[in-house]
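Chemist: File follows, model07.pdb with PDB, C-alpha atoms:
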```pdb
ATOM      1  CA  LYS A   1      19.970  63.714 163.273
ATOM      2  CA  ASN A   2      17.331  65.653 165.216
ATOM      3  CA  LYS A   3      18.055  68.596 162.944
ATOM      4  CA  ASP A   4      16.876  66.511 159.980
ATOM      5  CA  TYR A   5      13.572  65.839 161.732
ATOM      6  CA  GLU A   6      13.242  69.464 162.772
ATOM      7  CA  LYS A   7      13.814  70.548 159.171
ATOM      8  CA  ALA A   8      11.246  68.040 157.951
ATOM      9  CA  LEU A   9       8.755  69.349 160.498
ATOM     10  CA  THR A  10       9.025  72.859 159.058
ATOM     11  CA  HIS A  11       7.561  71.432 155.849
ATOM     12  CA  LEU A  12       5.208  68.847 157.367
ATOM     13  CA  LEU A  13       3.546  70.890 160.111
ATOM     14  CA  PRO A  14       1.769  73.420 157.871
ATOM     15  CA  LEU A  15       0.251  70.594 155.820
ATOM     16  CA  ALA A  16      -0.615  68.571 158.918
ATOM     17  CA  GLU A  17      -2.309  71.607 160.452
ATOM     18  CA  GLN A  18      -4.373  71.954 157.266
ATOM     19  CA  GLY A  19      -5.728  68.475 157.947
ATOM     20  CA  TYR A  20      -3.756  66.180 155.641
ATOM     21  CA  ALA A  21      -3.889  62.822 157.426
ATOM     22  CA  LYS A  22      -0.717  61.421 155.872
ATOM     23  CA  MET A  23       1.227  64.533 156.868
ATOM     24  CA  GLN A  24      -0.198  64.280 160.398
ATOM     25  CA  TYR A  25       1.089  60.723 160.554
ATOM     26  CA  MET A  26       4.493  61.845 159.312
ATOM     27  CA  VAL A  27       4.589  64.570 161.971
ATOM     28  CA  TYR A  28       3.778  61.888 164.550
ATOM     29  CA  LYS A  29       6.674  59.741 163.298
ATOM     30  CA  SER A  30       9.058  62.711 163.243
ATOM     31  CA  TYR A  31       8.303  63.558 166.863
ATOM     32  CA  LEU A  32       8.487  59.898 167.825
ATOM     33  CA  PHE A  33      11.951  59.524 166.281
ATOM     34  CA  GLN A  34      13.003  62.593 168.261
ATOM     35  CA  GLU A  35      11.759  60.810 171.395
ATOM     36  CA  LYS A  36       9.009  63.359 172.000
ATOM     37  CA  PRO A  37       5.962  61.150 172.571
ATOM     38  CA  GLU A  38       4.038  63.965 174.256
ATOM     39  CA  ASP A  39       4.187  65.879 170.973
ATOM     40  CA  ALA A  40       3.746  62.808 168.787
ATOM     41  CA  ILE A  41       0.597  61.156 170.156
ATOM     42  CA  PRO A  42      -1.851  63.994 169.387
ATOM     43  CA  TRP A  43      -0.778  63.863 165.729
ATOM     44  CA  LEU A  44      -1.268  60.102 165.619
ATOM     45  CA  LYS A  45      -4.780  60.524 166.987
ATOM     46  CA  ARG A  46      -5.614  63.283 164.493
ATOM     47  CA  SER A  47      -4.477  61.100 161.622
ATOM     48  CA  ALA A  48      -6.276  58.021 162.955
ATOM     49  CA  ASP A  49      -9.471  60.036 163.419
ATOM     50  CA  GLN A  50      -9.402  60.679 159.666
ATOM     51  CA  ALA A  51      -9.207  56.949 158.953
ATOM     52  CA  PHE A  52      -5.624  57.020 157.666
ATOM     53  CA  GLU A  53      -5.036  53.278 157.889
ATOM     54  CA  PRO A  54      -1.426  53.156 159.186
ATOM     55  CA  ALA A  55      -2.355  55.649 161.908
ATOM     56  CA  GLU A  56      -5.544  53.782 162.783
ATOM     57  CA  LEU A  57      -3.679  50.521 163.197
ATOM     58  CA  GLU A  58      -0.894  52.064 165.241
ATOM     59  CA  TYR A  59      -3.321  53.998 167.434
ATOM     60  CA  LYS A  60      -5.387  50.879 168.126
ATOM     61  CA  LEU A  61      -2.225  48.951 168.861
ATOM     62  CA  ALA A  62      -0.892  51.656 171.168
ATOM     63  CA  ASN A  63      -4.106  51.542 173.155
ATOM     64  CA  LYS A  64      -4.045  47.758 173.314
ATOM     65  CA  ILE A  65      -0.443  47.477 174.528
ATOM     66  CA  ASP A  66      -1.421  48.707 177.988
ATOM     67  CA  THR A  67      -3.766  45.739 178.359
ATOM     68  CA  LEU A  68      -1.312  43.025 177.281
ATOM     69  CA  SER A  69      -0.040  40.491 179.783
ATOM     70  CA  PRO A  70       3.760  40.289 180.168
ATOM     71  CA  ASP A  71       3.826  37.152 177.963
ATOM     72  CA  GLU A  72       1.671  38.805 175.283
ATOM     73  CA  ASP A  73       3.859  41.888 175.459
ATOM     74  CA  ASP A  74       6.979  39.780 174.783
ATOM     75  CA  ILE A  75       5.267  38.091 171.835
ATOM     76  CA  PHE A  76       4.090  41.429 170.445
ATOM     77  CA  PHE A  77       7.548  42.947 170.750
ATOM     78  CA  CYS A  78       9.265  40.013 169.064
ATOM     79  CA  GLN A  79       6.763  39.896 166.220
ATOM     80  CA  ASN A  80       7.122  43.620 165.577
ATOM     81  CA  ALA A  81      10.806  44.142 166.310
ATOM     82  CA  GLU A  82      12.652  45.877 163.521
ATOM     83  CA  ILE A  83      15.945  44.462 164.746
ATOM     84  CA  PRO A  84      16.920  41.323 162.834
ATOM     85  CA  ASP A  85      18.161  38.409 164.922
ATOM     86  CA  PHE A  86      17.255  40.133 168.190
ATOM     87  CA  ASP A  87      18.473  37.760 170.934
ATOM     88  CA  ALA A  88      15.417  38.158 173.180
ATOM     89  CA  CYS A  89      13.179  36.657 170.485
TER      90      CYS A  89
END
```
Render the structure in this file as structure tokens.
Modeler:
Amino acid sequence: KNKDYEKALTHLLPLAEQGYAKMQYMVYKSYLFQEKPEDAIPWLKRSADQAFEPAELEYKLANKIDTLSPDEDDIFFCQNAEIPDFDAC
């Protein structure tokens, strides 16, 4: 599966480096799915800095998560979980 993301990155990176905000966001997601947050976060910030709305929202949220209380964190996770019928929620 990582090979699919790596292949996608060969097409996305040149466009992201040219400054296309949507491509920067897609590069962020590709690295994130490969569990490479250290590579992903700079691309999220670049995209958010260009006012690409999904990136802006995710970047703001990522910065807010560190300030959530444990109860708020549980609520946030359950509201945003992509796993239907997750037992913890």
Chemist: How many Å lie between CA of Glu56 in chain A and CA of Tyr25 in chain A, rounded to one decimal?
Modeler: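 Value for the CA of Glu56 in chain A-CA of Tyr25 in chain A distance: 9.9 Å.
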Chemist: Using only C-alpha atoms, which residues sit within 10 Å of range 4-20 of chain A once same-chain residues fewer than 4 positions away are excluded, as a PDB file with C-alpha atoms, in the coordinates of the input?
Modeler:
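Generated output (around-v9.pdb):
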```
ATOM      1  CA  GLN A  24      -0.198  64.280 160.398  1.00  0.00           C
ATOM      2  CA  TYR A  25       1.089  60.723 160.554  1.00  0.00           C
ATOM      3  CA  MET A  26       4.493  61.845 159.312  1.00  0.00           C
ATOM      4  CA  VAL A  27       4.589  64.570 161.971  1.00  0.00           C
ATOM      5  CA  TYR A  28       3.778  61.888 164.550  1.00  0.00           C
ATOM      6  CA  LYS A  29       6.674  59.741 163.298  1.00  0.00           C
ATOM      7  CA  SER A  30       9.058  62.711 163.243  1.00  0.00           C
ATOM      8  CA  TYR A  31       8.303  63.558 166.863  1.00  0.00           C
ATOM      9  CA  LEU A  32       8.487  59.898 167.825  1.00  0.00           C
ATOM     10  CA  PHE A  33      11.951  59.524 166.281  1.00  0.00           C
ATOM     11  CA  GLN A  34      13.003  62.593 168.261  1.00  0.00           C
ATOM     12  CA  TRP A  43      -0.778  63.863 165.729  1.00  0.00           C
ATOM     13  CA  ARG A  46      -5.614  63.283 164.493  1.00  0.00           C
ATOM     14  CA  SER A  47      -4.477  61.100 161.622  1.00  0.00           C
ATOM     15  CA  GLN A  50      -9.402  60.679 159.666  1.00  0.00           C
ATOM     16  CA  PHE A  52      -5.624  57.020 157.666  1.00  0.00           C
TER      17      PHE A  52
END
```
Chemist: Applied to the shown file, which residues does the PyMOL selection byres ((chain A and resi 58) around 12) return, written as a VMD selection string?
Modeler: chain A and resid 25 28 to 29 41 43 to 45 47 to 49 51 to 57 59 to 65 80
Chemist: Once you add 5 Å to each side, what are the centre and edge lengths of the axis-aligned box holding all listed atoms of range 19-26 of chain A? One decimal in Å, as AutoDock Vina command-line options, if you can.
Modeler:
```
--center_x -0.6 --center_y 64.6 --center_z 158.1 --size_x 20.2 --size_y 17.8 --size_z 14.9
```
